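Below is one structure, written out as structure tokens; the observations come after it.
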Amino acid sequence: MAEDVESKYSQQKKQHDLLAKNRLLGLTEELYDQFVDEVVPNVSISSRTKNNIEYSEESDVWVYGDRETQRTAKTVKGAFQLLKTVHSVDFLVKNHLAQDRGSTLRELYYISENWDIAKFREQAESNRLIEDLEIITALQREYFHMRPEEDGATMFGPIRIREETKRGARIIHCQEDIGESGYQIPFNVENIEFLDHDAKFIIAIETGGMYARLIENGFDEKYNAILVHLKGQPARSTRRLIKRMNEELGIPVVVFTDGDPWSYRIFASVAYGAIKSAHLSEFMATPAAKFIGVQPSDIVEYELSTDKLTDKDIDALRSELTDPRFANDYWKEQISLQLSIKKKAEQQAFAGKGLDFVTDTYLPNRLSEMDII
């Protein structure tokens, strides 16, 4: 049975690698055909500007519109961009996909030092090129075996998974088989199969302190909750895993952050997608996710310890009032209240009511109001 499962996932990985290879080579073949046809080599790509960002009412996420820009060899700058693109595709196909290896974005920048005139001048340039390849191929960079620099986030809760690794398949129960730091989410969560679970909901948590508090207080066991530590602005793999668990398993998602405008944007990136990665919103955003707190109304109701809003905070809140991601009565009421009281609060402010208050009172009350429990 284990061999059958391993074979299944090895076959899936081969299919992903073949898909990535074909789409990457398809780009270079198109450039080659243009040479043969005596056409100046060029590639069209969605314009990555704010003017080309659209909020999709159908999918409730941020996506790129119809505007396109062209990478063309008509200019020296454009010719260099295409040269670097071809070198990058060659490296990804021959080293990553053919040899089952991977690199970080930082490593790719240094690897290009051996490409003579095609080398990148700065890492931001190589980062943008990988984003270009994602848009052109309609594939996530994980399909190219590109790894992030940062450590993965963690999750803890009643779910059993099978993860395909280079050392074979591993079956892991994310409560029973791990320590209290949780299961570390890999950079490519497509290699995870969900086996079974007892979860009633997923709670995505901004801060490590609150994540640890919920584990210590046994919140996951008492309420059959999967706890996911977002580590601030969540990584791509974290958002993708939350989306998969929500859509494939039908588990509701709530997001628990600090009560400030920057934390509300963390919620928005989970629920609706980030503007910077609009080409991947449909892969990573979870429109069904709900915001549980800290709400500005909680600051007033529970008389939480607070800090004053800074001028940047106020500007950010006013900007959110015109942001389609917050264009509903709930957010307009909450943001207007916060602008009125001119205060913000951290998740840990609930500790002022006692170490068990957040798990015994606040979260159960909010989850009940939201018909989650």
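In the structure tokens, the first chain shown is A, the next is B, and so on; residue numbers restart at 1 for each chain, and ligands run from 1 in the order shown.
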
> Could you pull out all residues of region 234-361 of chain A with a DSSP call of strand (DSSP E) and give them as a VMD selection string?
Replying inline: chain A and resid 253 to 256 290 to 293 307 to 308 343 to 344

Thr69 (chain A) surroundings by only C-alpha atoms, 12 Å radius, close-in-sequence under 5 positions cut, as a short mmCIF file (atom, residue, chain, number, x, y, z; two decimals) with N, CA, C and O atoms, in the first residue's frame:
```
data_model
loop_
_atom_site.label_atom_id
_atom_site.label_comp_id
_atom_site.auth_asym_id
_atom_site.auth_seq_id
_atom_site.Cartn_x
_atom_site.Cartn_y
_atom_site.Cartn_z
N ASN A 42 10.06 38.71 -29.26
CA ASN A 42 9.29 39.46 -28.28
C ASN A 42 8.41 38.51 -27.48
O ASN A 42 8.07 37.42 -27.93
N VAL A 43 8.06 38.94 -26.29
CA VAL A 43 7.16 38.19 -25.41
C VAL A 43 6.17 39.17 -24.82
O VAL A 43 6.56 40.23 -24.32
N SER A 44 4.88 38.83 -24.86
CA SER A 44 3.85 39.65 -24.23
C SER A 44 3.55 39.12 -22.84
O SER A 44 3.49 37.91 -22.63
N ILE A 45 3.36 40.03 -21.91
CA ILE A 45 3.12 39.64 -20.52
C ILE A 45 2.18 40.63 -19.86
O ILE A 45 2.18 41.82 -20.20
N SER A 46 1.36 40.17 -18.95
CA SER A 46 0.43 41.05 -18.24
C SER A 46 1.19 42.17 -17.54
O SER A 46 2.23 41.93 -16.91
N SER A 47 0.69 43.37 -17.66
CA SER A 47 1.32 44.52 -17.02
C SER A 47 1.16 44.43 -15.51
O SER A 47 0.04 44.29 -15.01
N ARG A 48 2.29 44.49 -14.80
CA ARG A 48 2.24 44.39 -13.34
C ARG A 48 2.25 45.78 -12.71
O ARG A 48 3.18 46.17 -12.03
N THR A 49 1.19 46.51 -12.99
CA THR A 49 1.04 47.86 -12.43
C THR A 49 -0.30 47.94 -11.70
O THR A 49 -1.20 47.14 -11.93
N ASN A 52 -3.43 47.95 -13.69
CA ASN A 52 -3.88 46.71 -14.32
C ASN A 52 -4.34 45.68 -13.29
O ASN A 52 -4.43 44.49 -13.59
N GLY A 78 15.65 45.54 -23.79
CA GLY A 78 14.74 44.43 -24.03
C GLY A 78 15.48 43.18 -24.47
O GLY A 78 15.13 42.06 -24.06
N ASP A 132 7.82 36.90 -13.84
CA ASP A 132 7.43 36.90 -15.25
C ASP A 132 7.16 35.49 -15.75
O ASP A 132 6.16 35.23 -16.45
N ILE A 136 3.77 34.01 -17.45
CA ILE A 136 3.79 33.47 -18.81
C ILE A 136 3.35 32.02 -18.85
O ILE A 136 2.58 31.61 -19.73
#
```

>> I want to know what sits within 8 Å of Gly182 (chain A), based on only C-alpha atoms, with residues of the same chain fewer than 5 positions away left out; could you give that as a VMD selection string?
In response: chain A and resid 154 to 156 174 to 175

> CA of Leu214 (chain A) and CA of Ala316 (chain A), how far apart in Å?
Replying inline: 29.5 Å

>> Give me the residues near Leu92 (chain A) as a PyMOL selection string, where near means some atom within 9 Å (using only C-alpha atoms) and where sequence neighbours in that chain fewer than 3 positions away do not count.
In response: chain A and resi 21+24+87-89+95-98+102+144-146

> Counting only C-alpha atoms, what is within 12 Å of Asp360 (chain A), bar same-chain residues fewer than 2 positions away, as number ranges by chain?
Replying inline: A: 213-214, 217-219, 222-223, 350-351, 353-358, 362-367

>> To one decimal place in Å, what is the distance between CA of Ser103 (chain A) and CA of Pro234 (chain A)?
In response: 20.6 Å

> Using only C-alpha atoms, which of A:Glu29, A:Ser269, A:Pro261, A:Ala124 sits nearest Arg240 (chain A)?
Replying inline: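 Of A:Glu29, A:Ser269, A:Pro261, A:Ala124, the one nearest Arg240 (chain A), counting only C-alpha atoms, is A:Ser269.
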
> Taking only C-alpha atoms into account, which of A:Ala153, A:Ile314, A:Ile159, A:Ile130 comes nearest Ala235 (chain A)?
Replying inline: A:Ala153

Hey, which bits of region 44-144 of chain A sit within 10 Å of region 184-200 of chain A, and for each residue what's the closest pair of atoms and how far apart in Å (one decimal), counting only C-alpha atoms, rows by chain and increasing number, as a tab-separated table?
```
residue	atom	partner	partner_atom	distance
A:Gln140	CA	A:Asn188	CA	9.6
A:Arg141	CA	A:Asn188	CA	9.4
A:Glu142	CA	A:Asn188	CA	5.9
A:Tyr143	CA	A:Asn188	CA	8.3
```

> Which parts of region 220-354 of chain A does DSSP call helix (DSSP H, G or I) when run on the backbone here, written out as JSON, numbers by chain?
Replying inline: {"A": [220, 221, 222, 223, 236, 237, 238, 239, 240, 241, 242, 243, 244, 245, 246, 247, 248, 249, 261, 262, 263, 264, 265, 266, 267, 268, 269, 270, 271, 275, 276, 277, 278, 279, 280, 281, 282, 283, 284, 296, 297, 298, 299, 300, 301, 311, 312, 313, 314, 315, 316, 317, 318, 319, 320, 324, 325, 326, 329, 330, 331, 332, 333, 334, 335, 336, 337, 338, 339, 340, 341, 347, 348, 349, 350, 351, 352, 353]}

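Contact shell of Gly209 (chain A) at 10 Å (only C-alpha atoms; same-chain neighbours under 3 positions omitted): Ile205, Glu206, Ala212, Arg213, Leu214, His229, Gln347 and Gln348 of chain A.
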
> Rounded to one decimal in Å, what is the spacing between CA of Ala204 (chain A) and CA of Val228 (chain A)?
Replying inline: 4.6 Å
